[in-house]
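Student: Starting off with a structure, shown below.
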Number of protein chains: 6
Amino acid sequence: MSRPSNRQPDELRSINITRGYTRYAEGSVLIEFGNTRILCNATIENRVPPFLRNSKRGWITAEYGLLPRSTSERTMREASRGKQTGRTLEIQRLIGRSLRTAVNMKMLGERTITVDCDVIQADGGTRTAAITGGYVAVVDAVNRMLKDEMITEDPMLCAIASVSVGIYKGIVITDLDYAEDSQADTDMNIVMDNSGRFIEIQGTAEKAPFSKEQVDTMLSQAGTACQKLLEYQRQALEQPHNT
Amino acid sequence: MSRPSNRQPDELRSINITRGYTRYAEGSVLIEFGNTRILCNATIENRVPPFLRNSKRGWITAEYGLLPRSTSERTMREASRGKQTGRTLEIQRLIGRSLRTAVNMKMLGERTITVDCDVIQADGGTRTAAITGGYVAVVDAVNRMLKDEMITEDPMLCAIASVSVGIYKGIVITDLDYAEDSQADTDMNIVMDNSGRFIEIQGTAEKAPFSKEQVDTMLSQAGTACQKLLEYQRQALEQPHNT
Amino acid sequence: MSRPSNRQPDELRSINITRGYTRYAEGSVLIEFGNTRILCNATIENRVPPFLRNSKRGWITAEYGLLPRSTSERTMREASRGKQTGRTLEIQRLIGRSLRTAVNMKMLGERTITVDCDVIQADGGTRTAAITGGYVAVVDAVNRMLKDEMITEDPMLCAIASVSVGIYKGIVITDLDYAEDSQADTDMNIVMDNSGRFIEIQGTAEKAPFSKEQVDTMLSQAGTACQKLLEYQRQALEQPHNT
Amino acid sequence: MSRPSNRQPDELRSINITRGYTRYAEGSVLIEFGNTRILCNATIENRVPPFLRNSKRGWITAEYGLLPRSTSERTMREASRGKQTGRTLEIQRLIGRSLRTAVNMKMLGERTITVDCDVIQADGGTRTAAITGGYVAVVDAVNRMLKDEMITEDPMLCAIASVSVGIYKGIVITDLDYAEDSQADTDMNIVMDNSGRFIEIQGTAEKAPFSKEQVDTMLSQAGTACQKLLEYQRQALEQPHNT
Amino acid sequence: MSRPSNRQPDELRSINITRGYTRYAEGSVLIEFGNTRILCNATIENRVPPFLRNSKRGWITAEYGLLPRSTSERTMREASRGKQTGRTLEIQRLIGRSLRTAVNMKMLGERTITVDCDVIQADGGTRTAAITGGYVAVVDAVNRMLKDEMITEDPMLCAIASVSVGIYKGIVITDLDYAEDSQADTDMNIVMDNSGRFIEIQGTAEKAPFSKEQVDTMLSQAGTACQKLLEYQRQALEQPHNT
Amino acid sequence: MSRPSNRQPDELRSINITRGYTRYAEGSVLIEFGNTRILCNATIENRVPPFLRNSKRGWITAEYGLLPRSTSERTMREASRGKQTGRTLEIQRLIGRSLRTAVNMKMLGERTITVDCDVIQADGGTRTAAITGGYVAVVDAVNRMLKDEMITEDPMLCAIASVSVGIYKGIVITDLDYAEDSQADTDMNIVMDNSGRFIEIQGTAEKAPFSKEQVDTMLSQAGTACQKLLEYQRQALEQPHNT
C-alpha cells in the first residue's frame, strides 16, 4: 500500500514553527504541517468572561477561521455570512479546551488569553496544527507575562501537541493531508501531553465502523507522532526570541 | 467507592423507549435514560440539501434543542437569543453523523430524514440518549417508507446505540448523570454498532489527562452498555406499533 | 349542521391538566385540549427586566414555541432559522399580558416569573391552551414562593382561562380543532377571569366579516366554556402536589 | 368627566387624508388622526410570495415602522437593532390581514400590493390610522392597475376603516391619543367594513377586566366612528387625483 | 449641451428648508433639494457611547434610512432584512463625521446628539441634502440646550453644507438629480464650511477616470454651490421658531 | 518638521509585492507597505450576482477583513460578532469599485473575480495597500483565464495603484503609517491609473478643514507616489511566475 502522499504510514509531514510571525500579538506563531499553514496569535487581556468574574481564575479561549481562499474552492467568509458554521464552533471549542488543560488557571489571575487560529492555507489537519501551534503561542504569551511581572510563577502544567491518524485502505496512517482525509474510512484527532497521556480523543467512522484493534494502533501511532511534535515545539521554544 | 447515584460502576440508568409518542411524525420516540427525557421525532421529506441534488442519494440530519426549563436553572431559549450555541451545533452534528452510518443513503433515494431531538428534561447524557432514541425513530420512519412503497428495499445497514462513560475518583463508570458528569475527571461519549465496532469515540480530559489503560477500560465498559441498549431498542421495536 | 369533530357546537374537547410534569420548574404543567398538548413551565428568577429595576415590582413574561414536528408538516426550528416568527411573538405577548392580569406585581417583589409554553403536539387552540395551562403553572410557582417564604402574602388577583370560538357554516362553535379552524369564517380567542369579565377579545374575520349578533353569541358561548375550564383548573389545583 | 384631550367621549380627532403625497408609489397617502401622522405607500409588484406561486391569486401585505423620533423619546431604529420588535410584527400582521379582507385576491392575479406604513409622528392610534389610510392607498393602487389595464375588473369587495375605543375613568371614549391610551383601563382596536360588520376586534384589559355591557358600548361607539372615517375616505377618494 | 434637468451647469435645484417639521425632536428639519425630501431629526440624550464615558466630551452621530418607497422601485426595508446595507452604513458614517466637525465636543459635555435622516423621497443627492439639513437640525438642538441651560456657551464651530458635482458629457454639473447621476462619468460629494474650506471630498470615477483640471472645476463649482446652501441655511435659521 | 517615521514628506515606506503567496487562489499576492501586510487572493468563479444574470457581463468584487490581532489591541472577530462593521463594508466597497475600473466587464464574460484582502498586520494605509496588491492579484487571475482559454482577449483597461496622503503639522506627507495617521489633521486616500488620472479621491478633515492649496499639494504628491507604486507592480509582474 502507498499513501496518496507517498509518506510512510507513520510519517509526519514537514513541520515548521515560526515564532514572532507578527509584531503585535503577545505570542505569534506560524505553524506549518506540510501545506497546511496557520497563524496562531495569542492575546493577553486583563479581564475574564462574566462567569469567572471575582473568581481569581483566568481563562484561555480560542477562535478559529478559514481565510476564504485557504481552501481549494473559495469558502464563504463567515463575517459576511453573519455567523460561524458548526464546524468552526466545534473546532474552536476543541482548541480552547485543549489549551486550558496545559495551564493553571488560578496562577493566571483574572486574565484571558485568546488564541486566534487563522488558516492561511488548508491541506488537512488544521485543528491539530492549530493546537500544536497554539500551545507555542501560549508559552510565548505566558513568558511575556512573567517578563512583565504580571505574574510571578510559571503557570504551565504540561506541554501538549495534537495529530490526526486515520484508516486508509485498512492501514493506519499518521497526519493525513486533505487528499488522504477525504478518502479515509476513519479519522481520529488526538491531543496528548508530554507524559504520553490523552487530553482528547475524537474518532469518527467516516465510511466504515472501526474495531478495538484499530483503535489501539491509532492511539499508538498518534503517541509516537505527538512525541515528535513535542520535540519540534521544544526546539522552536529554545530559539532566542524577542518576546 | 460509591457513585453519587449509588449505581454499580457499569450499571445503566433505568431505560425506557416509547414509540408513537406524538401523532404526526413518521417516527416519534420518547427515550428516557433515568431522569433524562428526550423526544426524538423523525420527519421524511422528498428533498435533499443543495449539495446532493441530482445525486440519487438521500440524507439524514438531526437538530437538537434543550427546552428552556429542561435544566435545573433555566437555559435561555435559542430561538429568542437568535442563534444556536456551539454546544448545540456540535451535538446535532454528532447525532446526524452517527445516524447516517446506519443507513444506506443510495437506497433512501433523494429524500431527507430529519431527526428532531428535543430535551424535555436533562440529567446528563442527552447526546447519547438522543442517538439511541433517534435510531429507533429512524427505523420507524424507514418502515413507514417501506409500507408506503416510497422505497422497496430496507436501507438499514446496522443498528447503533450510544452511551457515556467516565472516570470518577479513579474508577470507570457508565452512563453518567449530571451530578456524576460534573465531578468526573474524564468524560467519553461512544457510539457503537451491533457488531461491536465503533462509530464515534469522543473523550475529553475534563480535569485530568487519562492513560491508555483507562481508555481500554472505558471502551470495554461502553461496549457492554451499548449491547444492552441495542437489546432495549430491539425489544421496543418488536412491540406492535401503528406506524 | 355537524362539526368536523362531531362535537356539539358548545362542547369542549377532552381537557387534561397534569401538574409536576417535569422536575426542575417551579411550576410544570402539561395541558391537553384534545390532541393539542403543551408543556407550560414556570420559572422564578430574582431579577426583573431593566425597565423595572428599583421599582419594587415584579414581572411575568411568557415564551412560546412549536416543537418542529408538533405540526402535521414539519415547521422549521426557530433557533436554527435565527429568529422567531411574527406569529410566535404575537402569541407570547398575548400569553404574558393575560397572565400578568392575574397577579399583583407589587406583591411579587422584584422577581420575574417566566412561563415557557412549548407545544408538543398542535391541533388548534394552542394559545388558549397555553394561557389556561400557564395559569396553573403560575399558581404552582407562586405557592412555591409562599412555601419558601420568598413572599408572605398570596399575590393572585383572580383566576383566568382562555378558549377559542368561531363561526363555522353560520354556527358559533367552541374550542376549534385545527380542521375546524382552517375552515371557519371567523376565529375569536377570548381570555376571561373567574368573575366572568373579559381580559382579552381577539376576533378576526378569516373569510367573512361578522355581525354584532354573532359577536354576542361568540362571547356568550366563550363565557360558558371558560367557566368549565376554570373548574378543571380548580380540580387540578386541589390534587395533592409536591410543590 | 372630561377626557385629557377635552374631546367629547365619541369625538374623533381632526382627520386629514392627503393623496399623492409622494411621487413614486402607486398609492401614496398621508393620513393624520390629530398629531398622529402616517405615510401609507402602496406598491404593486408582479410577483407573489412562494406559497401562492401558480395559484392565480394575488396578495396584500403590510410593513410598519416608527421613524426613530416619531415618539416623544427616541425609539431605537429597528434596522440598526437588526430585528423588528414583536409590537411591529403584530401591527403589520393586523394591517395586512385587514386590507386583504377588502380585496378579491383572485381578481388581482399573481401580483402583490405591499403597503408601507411609516409613522412620521406618533400620538396614539397608529395602527388604526395605518389601516384607514392604507385602505385609501390600496384603492389608488388598484385604480392605477385598472387604468394601466393590468386588470379589467374592479377587485374591491368593500371599504374598511379602523378606530380605537377604550374605557377611561369608567367612560367609553373614541380615538384615544397617547395621553389617553396610557391612562385607559381597557383599549380596543376595531376594524369595520362599510356594511357595519366587523373585520377585527382586539380588546385588551390594560388595567382592569371589562364587562359585556362595556363591550357593547365600545362596539357601538366604534361603529359610529368607523362610519365617519369611511365618509372621510370617500371624500378624499372623490378628489381629482393624478393616479 | 443641456442637462437632463435643463438646469444651467452650476444651477442648484429648488431648495427648501422647513424647521419644526415634527413635534418631539429637539431639532426637526425637512430639507428638499428638488424632489429629494429628507426628514432630519436631532435628538439630545444625556449619555455617550462607551468609548467616551468619563471623557467629559460629547458625541454626534447620524443614522440614515430610505423609506421603502422613497425610490422609484421599492427598496427592501432594512428592518425586515435584518441588517443595514453597506451603502447605508457608509452614508451615515459620512453624515456623522461631517456634523462632528461643526461642533466643539468638549462644550457639549457628556451628551449625544443623534441625527436621524429618513428619506421620504429620493431623487439623487440624498447624502448631501442630509448633511445640509442635518446641520440645521443640530443648530436647533444646540439652541434648545442653551435655552434649557444644559450648556452655557455656544459650541458651534462653523457652519457646514454639502453638494454633489459631477461630469456629464464632459461638462461639470452641480447638484445632480437621479437621472443625471446615473448617466454621469464621475460623481463627487463635497462638504464645506463657511470659510470655504473642505470637510470632505469624495470623488468616484463611475464610468471614466478624471483629470486634475476636472477636479479643479468640480471643487470650484461645489464651492459656489455650498456658499448658496449656507445662505439658505442662514435664512431658515433666522425665521422665528418655537424651539 | 520631521515625520514620526523619519521619512521625507514624499517618501513611501518599503514596498514588497510577493506573487503566488498561497497555492489555491488564481491570483495570490502578499503586499507590504512597511509593516502593513495584506494577503490579496483573487478567485475566479463562473457565475455573477443576480443583477447581472444573462447580461453577458462579468463582475469584480472585494472582501476585506482584519485578522483579530493584526492590530495593536485585539480587534473583535467579525465572524463571531455576527456582522461586519461599517468601516469594513466601506473599505470593501472602495476596493471593489476601484478594481472594476481597471477591467472590461464585457470581456470577462459572466464570471466573477472575488478579491479577498485579509490584513495580517495593520500599520496604516490598509485600504490603499489592498487596492495596490489587489490589482496584481487580478492581473494574475486574468492571465490564468487567458492561459486556460476561458477568455481570448486581455480585458485589462489600465493599471491602478493607491496611496494615502495627509496633512501633518501643516505639511503634506505621503503613505501615512498608523502613528502618523492618528495625528494627522487631514487624511486622503487616492486611487489613480497609469495615465495619471483619478479613479477615487476620498479626503476627510479629521481634525481641521483643509484649503484648495492643500488639496493641490496632496493630489500632486499622491500622483508621484502612485507612479512609483505602478512601477513596483510592473516589476513584480515581470518576474516569472507559475500562474
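We label chains A, B, ... in the order they appear in the C-alpha cells, count residues from 1 in each chain, and number ligands from 1 in the order shown.
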Based on DSSP run over this structure's backbone, return all residues of stretch 123-187 of chain A in strand (DSSP E), as a CSV table (one decimal) with all heavy atoms, in the first residue's frame.

Tutor:
chain,number,residue,atom,x,y,z
A,160,ILE,N,1.5,20.3,25.3
A,160,ILE,CA,0.6,19.5,24.6
A,160,ILE,C,0.8,19.6,23.1
A,160,ILE,O,1.3,20.6,22.6
A,160,ILE,CB,-0.9,19.8,24.9
A,160,ILE,CG1,-1.2,21.2,24.4
A,160,ILE,CG2,-1.2,19.7,26.4
A,160,ILE,CD1,-2.7,21.5,24.4
A,161,ALA,N,0.5,18.5,22.4
A,161,ALA,CA,0.6,18.6,20.9
A,161,ALA,C,-0.6,17.7,20.4
A,161,ALA,O,-1.2,16.9,21.1
A,161,ALA,CB,1.9,18.0,20.5
A,162,SER,N,-0.9,17.8,19.1
A,162,SER,CA,-2.0,17.1,18.5
A,162,SER,C,-1.7,16.7,17.1
A,162,SER,O,-1.0,17.3,16.3
A,162,SER,CB,-3.2,18.1,18.5
A,162,SER,OG,-4.3,17.5,17.9
A,163,VAL,N,-2.3,15.5,16.8
A,163,VAL,CA,-2.1,15.0,15.4
A,163,VAL,C,-3.3,14.2,15.0
A,163,VAL,O,-4.1,13.8,15.9
A,163,VAL,CB,-0.8,14.1,15.4
A,163,VAL,CG1,-1.1,12.7,16.0
A,163,VAL,CG2,-0.3,13.9,14.0
A,164,SER,N,-3.5,14.1,13.7
A,164,SER,CA,-4.6,13.2,13.3
A,164,SER,C,-4.0,11.8,12.8
A,164,SER,O,-2.9,11.8,12.4
A,164,SER,CB,-5.3,13.8,12.1
A,164,SER,OG,-4.5,13.8,10.9
A,165,VAL,N,-4.8,10.8,13.0
A,165,VAL,CA,-4.5,9.5,12.5
A,165,VAL,C,-5.7,9.0,11.8
A,165,VAL,O,-6.8,9.6,12.0
A,165,VAL,CB,-4.0,8.5,13.5
A,165,VAL,CG1,-2.6,8.8,14.0
A,165,VAL,CG2,-5.0,8.4,14.7
A,166,GLY,N,-5.6,8.0,10.9
A,166,GLY,CA,-6.8,7.5,10.2
A,166,GLY,C,-6.6,6.2,9.6
A,166,GLY,O,-5.4,5.6,9.7
A,167,ILE,N,-7.6,5.6,9.1
A,167,ILE,CA,-7.5,4.3,8.4
A,167,ILE,C,-7.7,4.5,7.0
A,167,ILE,O,-8.8,4.9,6.5
A,167,ILE,CB,-8.5,3.3,9.0
A,167,ILE,CG1,-8.3,3.2,10.6
A,167,ILE,CG2,-8.3,1.9,8.4
A,167,ILE,CD1,-9.3,2.3,11.3
A,168,TYR,N,-6.7,4.1,6.2
A,168,TYR,CA,-6.8,4.3,4.7
A,168,TYR,C,-6.5,2.9,4.1
A,168,TYR,O,-5.4,2.4,4.3
A,168,TYR,CB,-5.8,5.4,4.3
A,168,TYR,CG,-5.6,5.5,2.8
A,168,TYR,CD1,-6.6,6.1,2.0
A,168,TYR,CD2,-4.5,5.0,2.1
A,168,TYR,CE1,-6.5,6.2,0.6
A,168,TYR,CE2,-4.4,5.0,0.7
A,168,TYR,CZ,-5.4,5.7,0.0
A,168,TYR,OH,-5.3,5.8,-1.4
A,171,ILE,N,-5.0,0.4,6.5
A,171,ILE,CA,-3.8,0.7,7.2
A,171,ILE,C,-4.0,2.0,8.0
A,171,ILE,O,-4.6,2.9,7.5
A,171,ILE,CB,-2.7,0.9,6.1
A,171,ILE,CG1,-2.5,-0.3,5.2
A,171,ILE,CG2,-1.3,1.3,6.8
A,171,ILE,CD1,-1.9,-1.5,6.0
A,172,VAL,N,-3.4,2.0,9.2
A,172,VAL,CA,-3.4,3.2,10.0
A,172,VAL,C,-2.3,4.2,9.5
A,172,VAL,O,-1.1,3.8,9.4
A,172,VAL,CB,-3.2,2.9,11.5
A,172,VAL,CG1,-3.1,4.2,12.3
A,172,VAL,CG2,-4.4,2.1,12.0
A,173,ILE,N,-2.7,5.4,9.2
A,173,ILE,CA,-1.7,6.4,8.7
A,173,ILE,C,-1.8,7.6,9.6
A,173,ILE,O,-2.8,7.9,10.3
A,173,ILE,CB,-2.0,6.8,7.2
A,173,ILE,CG1,-3.4,7.4,7.0
A,173,ILE,CG2,-1.7,5.6,6.3
A,173,ILE,CD1,-3.6,7.9,5.6
A,174,THR,N,-0.7,8.4,9.6
A,174,THR,CA,-0.5,9.5,10.5
A,174,THR,C,-0.5,10.8,9.8
A,174,THR,O,0.0,10.9,8.7
A,174,THR,CB,0.9,9.3,11.2
A,174,THR,OG1,0.9,8.2,12.0
A,174,THR,CG2,1.2,10.5,12.1
A,186,THR,N,-11.8,6.1,8.4
A,186,THR,CA,-11.9,6.6,9.8
A,186,THR,C,-10.9,7.7,10.0
A,186,THR,O,-9.8,7.7,9.4
A,186,THR,CB,-11.6,5.5,10.8
A,186,THR,OG1,-12.6,4.5,10.7
A,186,THR,CG2,-11.5,6.0,12.2
A,187,ASP,N,-11.3,8.7,10.8
A,187,ASP,CA,-10.5,9.9,11.0
A,187,ASP,C,-10.5,10.1,12.5
A,187,ASP,O,-11.5,10.1,13.2
A,187,ASP,CB,-11.1,11.1,10.3
A,187,ASP,CG,-10.3,12.4,10.5
A,187,ASP,OD1,-9.0,12.3,10.6
A,187,ASP,OD2,-10.9,13.4,10.6

Student: Select residues of chain B: the criterion is any atom within 12 Å of an atom of chain D, counting only C-alpha atoms; output as a ChimeraX atom specification.

Tutor: /B:80-82

Student: So, counting only C-alpha atoms, which residue among C:Asp148, C:Glu206, C:Glu213, C:Asp10 is closest to C:Asp185?

Tutor: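 Of C:Asp148, C:Glu206, C:Glu213, C:Asp10, the one nearest C:Asp185, counting only C-alpha atoms, is C:Glu206.
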
Student: Excluding stretch 108-120 of chain C and residues on its chain fewer than 4 positions from it, collect all residues at most 7 Å away from it, counting only C-alpha atoms, and give them as number ranges by chain.

Tutor: C: 37-48, 56-67, 70, 104, 130, 134, 151, 155

Student: What is the distance, in Å and to one decimal place, between atom CA of C:Leu12 and atom CA of C:Gln183?

Tutor: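 Between atom CA of C:Leu12 and atom CA of C:Gln183 the gap works out to 17.9 Å.
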
Student: Give me, as a list in words, all polymer residues having an atom no more than 12 Å from A:Ser14, counting only C-alpha atoms and skipping those fewer than 3 positions away in the same chain.

Tutor: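 Returned residues: Ser5, Arg7, Glu11, Ile17, Ile31, Glu32, Phe33, Gly34, Asn35, Thr36, Arg37, Ala129, Asp175, Asp177, Lys228, Leu229 and Tyr232 of chain A.
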
Student: Could you dump the residues just selected with all heavy atoms as a compact mmCIF listing (two decimals), in the first residue's frame?

Tutor:
# COMPACT_ATOMS: atom_id res chain seq x y z
N SER A 5 0.14 10.54 -0.38
CA SER A 5 1.27 11.46 -0.22
C SER A 5 2.62 10.77 -0.35
O SER A 5 3.66 11.42 -0.22
CB SER A 5 1.20 12.12 1.16
OG SER A 5 1.38 11.13 2.17
N ARG A 7 4.06 9.15 1.75
CA ARG A 7 4.79 9.06 3.01
C ARG A 7 4.66 7.65 3.59
O ARG A 7 3.75 6.89 3.23
CB ARG A 7 4.20 10.06 4.01
CG ARG A 7 4.70 11.48 3.78
CD ARG A 7 4.13 12.39 4.85
NE ARG A 7 2.77 12.83 4.51
CZ ARG A 7 1.80 13.05 5.38
NH1 ARG A 7 2.01 12.84 6.67
NH2 ARG A 7 0.61 13.44 4.98
N GLU A 11 4.60 8.53 9.05
CA GLU A 11 5.47 9.68 8.79
C GLU A 11 4.69 10.99 8.84
O GLU A 11 3.68 11.15 8.16
CB GLU A 11 6.11 9.50 7.41
CG GLU A 11 7.19 10.52 7.09
CD GLU A 11 7.76 10.33 5.68
OE1 GLU A 11 7.58 9.24 5.09
OE2 GLU A 11 8.34 11.28 5.17
N ILE A 17 7.80 25.65 12.59
CA ILE A 17 7.20 26.51 13.61
C ILE A 17 8.00 27.82 13.62
O ILE A 17 9.19 27.81 13.88
CB ILE A 17 7.26 25.84 15.00
CG1 ILE A 17 6.49 24.51 14.98
CG2 ILE A 17 6.73 26.77 16.07
CD1 ILE A 17 6.59 23.71 16.27
N ILE A 31 2.50 28.08 12.13
CA ILE A 31 2.83 26.66 12.13
C ILE A 31 2.48 26.07 10.78
O ILE A 31 1.43 26.38 10.20
CB ILE A 31 2.13 25.90 13.28
CG1 ILE A 31 2.71 24.48 13.36
CG2 ILE A 31 0.62 25.87 13.13
CD1 ILE A 31 2.61 23.86 14.73
N GLU A 32 3.36 25.22 10.28
CA GLU A 32 3.13 24.55 9.00
C GLU A 32 3.22 23.03 9.20
O GLU A 32 4.20 22.54 9.74
CB GLU A 32 4.16 24.99 7.96
CG GLU A 32 4.04 26.46 7.60
CD GLU A 32 5.24 27.01 6.85
OE1 GLU A 32 6.20 27.45 7.53
OE2 GLU A 32 5.21 27.00 5.61
N PHE A 33 2.17 22.33 8.83
CA PHE A 33 2.19 20.87 8.71
C PHE A 33 2.11 20.65 7.20
O PHE A 33 1.02 20.67 6.62
CB PHE A 33 0.96 20.24 9.37
CG PHE A 33 1.01 20.02 10.86
CD1 PHE A 33 1.76 20.82 11.71
CD2 PHE A 33 0.27 18.97 11.46
CE1 PHE A 33 1.77 20.60 13.10
CE2 PHE A 33 0.29 18.75 12.82
CZ PHE A 33 1.03 19.56 13.65
N GLY A 34 3.21 20.51 6.52
CA GLY A 34 3.20 20.43 5.06
C GLY A 34 2.59 21.70 4.49
O GLY A 34 3.00 22.81 4.85
N ASN A 35 1.57 21.57 3.63
CA ASN A 35 0.96 22.75 3.02
C ASN A 35 -0.07 23.42 3.91
O ASN A 35 -0.63 24.46 3.52
CB ASN A 35 0.32 22.37 1.68
CG ASN A 35 1.36 22.22 0.59
OD1 ASN A 35 2.32 22.98 0.54
ND2 ASN A 35 1.18 21.21 -0.26
N THR A 36 -0.39 22.83 5.03
CA THR A 36 -1.30 23.49 5.97
C THR A 36 -0.53 24.55 6.72
O THR A 36 0.49 24.26 7.34
CB THR A 36 -1.91 22.44 6.93
OG1 THR A 36 -2.84 21.64 6.18
CG2 THR A 36 -2.62 23.09 8.10
N ARG A 37 -1.01 25.81 6.63
CA ARG A 37 -0.32 26.93 7.28
C ARG A 37 -1.30 27.73 8.11
O ARG A 37 -2.28 28.25 7.58
CB ARG A 37 0.28 27.86 6.23
CG ARG A 37 1.55 27.31 5.60
CD ARG A 37 1.81 27.87 4.23
NE ARG A 37 1.98 29.32 4.24
CZ ARG A 37 2.19 30.04 3.13
NH1 ARG A 37 2.21 29.45 1.93
NH2 ARG A 37 2.33 31.33 3.21
N ALA A 129 -2.95 21.07 13.83
CA ALA A 129 -1.87 22.04 13.70
C ALA A 129 -2.15 23.27 14.58
O ALA A 129 -1.24 23.83 15.20
CB ALA A 129 -1.69 22.45 12.24
N ASP A 175 -1.11 11.83 10.38
CA ASP A 175 -1.06 13.21 9.87
C ASP A 175 -1.58 13.28 8.44
O ASP A 175 -0.84 13.63 7.50
CB ASP A 175 0.40 13.72 9.96
CG ASP A 175 0.49 15.22 9.62
OD1 ASP A 175 -0.52 15.93 9.74
OD2 ASP A 175 1.59 15.65 9.23
N ASP A 177 -3.18 14.40 5.02
CA ASP A 177 -3.43 15.63 4.27
C ASP A 177 -4.84 15.54 3.69
O ASP A 177 -5.56 14.56 3.88
CB ASP A 177 -2.34 15.86 3.20
CG ASP A 177 -2.29 14.78 2.13
OD1 ASP A 177 -3.32 14.12 1.88
OD2 ASP A 177 -1.21 14.58 1.56
N LYS A 228 7.09 13.40 18.68
CA LYS A 228 7.92 14.15 17.72
C LYS A 228 7.49 15.63 17.67
O LYS A 228 8.33 16.53 17.63
CB LYS A 228 7.78 13.54 16.32
CG LYS A 228 8.47 12.19 16.17
CD LYS A 228 8.32 11.66 14.73
CE LYS A 228 8.61 10.18 14.66
NZ LYS A 228 8.00 9.53 13.48
N LEU A 229 6.18 15.86 17.68
CA LEU A 229 5.71 17.24 17.62
C LEU A 229 6.14 18.01 18.87
O LEU A 229 6.50 19.19 18.79
CB LEU A 229 4.18 17.28 17.47
CG LEU A 229 3.67 16.78 16.11
CD1 LEU A 229 2.16 16.56 16.15
CD2 LEU A 229 4.02 17.79 15.00
N TYR A 232 9.59 19.12 18.30
CA TYR A 232 9.65 20.30 17.42
C TYR A 232 9.30 21.57 18.21
O TYR A 232 9.90 22.63 18.02
CB TYR A 232 8.68 20.16 16.24
CG TYR A 232 9.13 19.22 15.15
CD1 TYR A 232 8.40 18.08 14.84
CD2 TYR A 232 10.28 19.49 14.39
CE1 TYR A 232 8.79 17.22 13.83
CE2 TYR A 232 10.67 18.62 13.37
CZ TYR A 232 9.94 17.49 13.09
OH TYR A 232 10.33 16.66 12.09

Student: Find the spatial neighbours of F:Tyr21, counting only C-alpha atoms, within a cut-off of 9 Å - ignore same-chain residues fewer than 2 positions away - and output them as a count of residues only.

Tutor: 9

Student: Residues at most 8 Å from C:Leu89, counting only C-alpha atoms, excluding those fewer than 4 positions away in the same chain, as a PyMOL selection string?

Tutor: (chain C and resi 64+84-85+93) or (chain D and resi 86+89-90)

Student: Need to verify the contact set: A:Leu237, 9 Å, only C-alpha atoms, exclusion of same-chain residues closer than 3 positions in sequence. Can you return it as a list in words?

Tutor: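 My reading of the contact set: Arg19, Val136, Val139, Asp140, Tyr232, Gln233, Arg234, Pro240 and His241 of chain A.
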
Student: Quick one: distance from atom CA of A:Cys158 to atom CA of B:Asp216 in Å, one decimal?

Tutor: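 About the pair atom CA of A:Cys158 and atom CA of B:Asp216: they are 23.4 Å apart.
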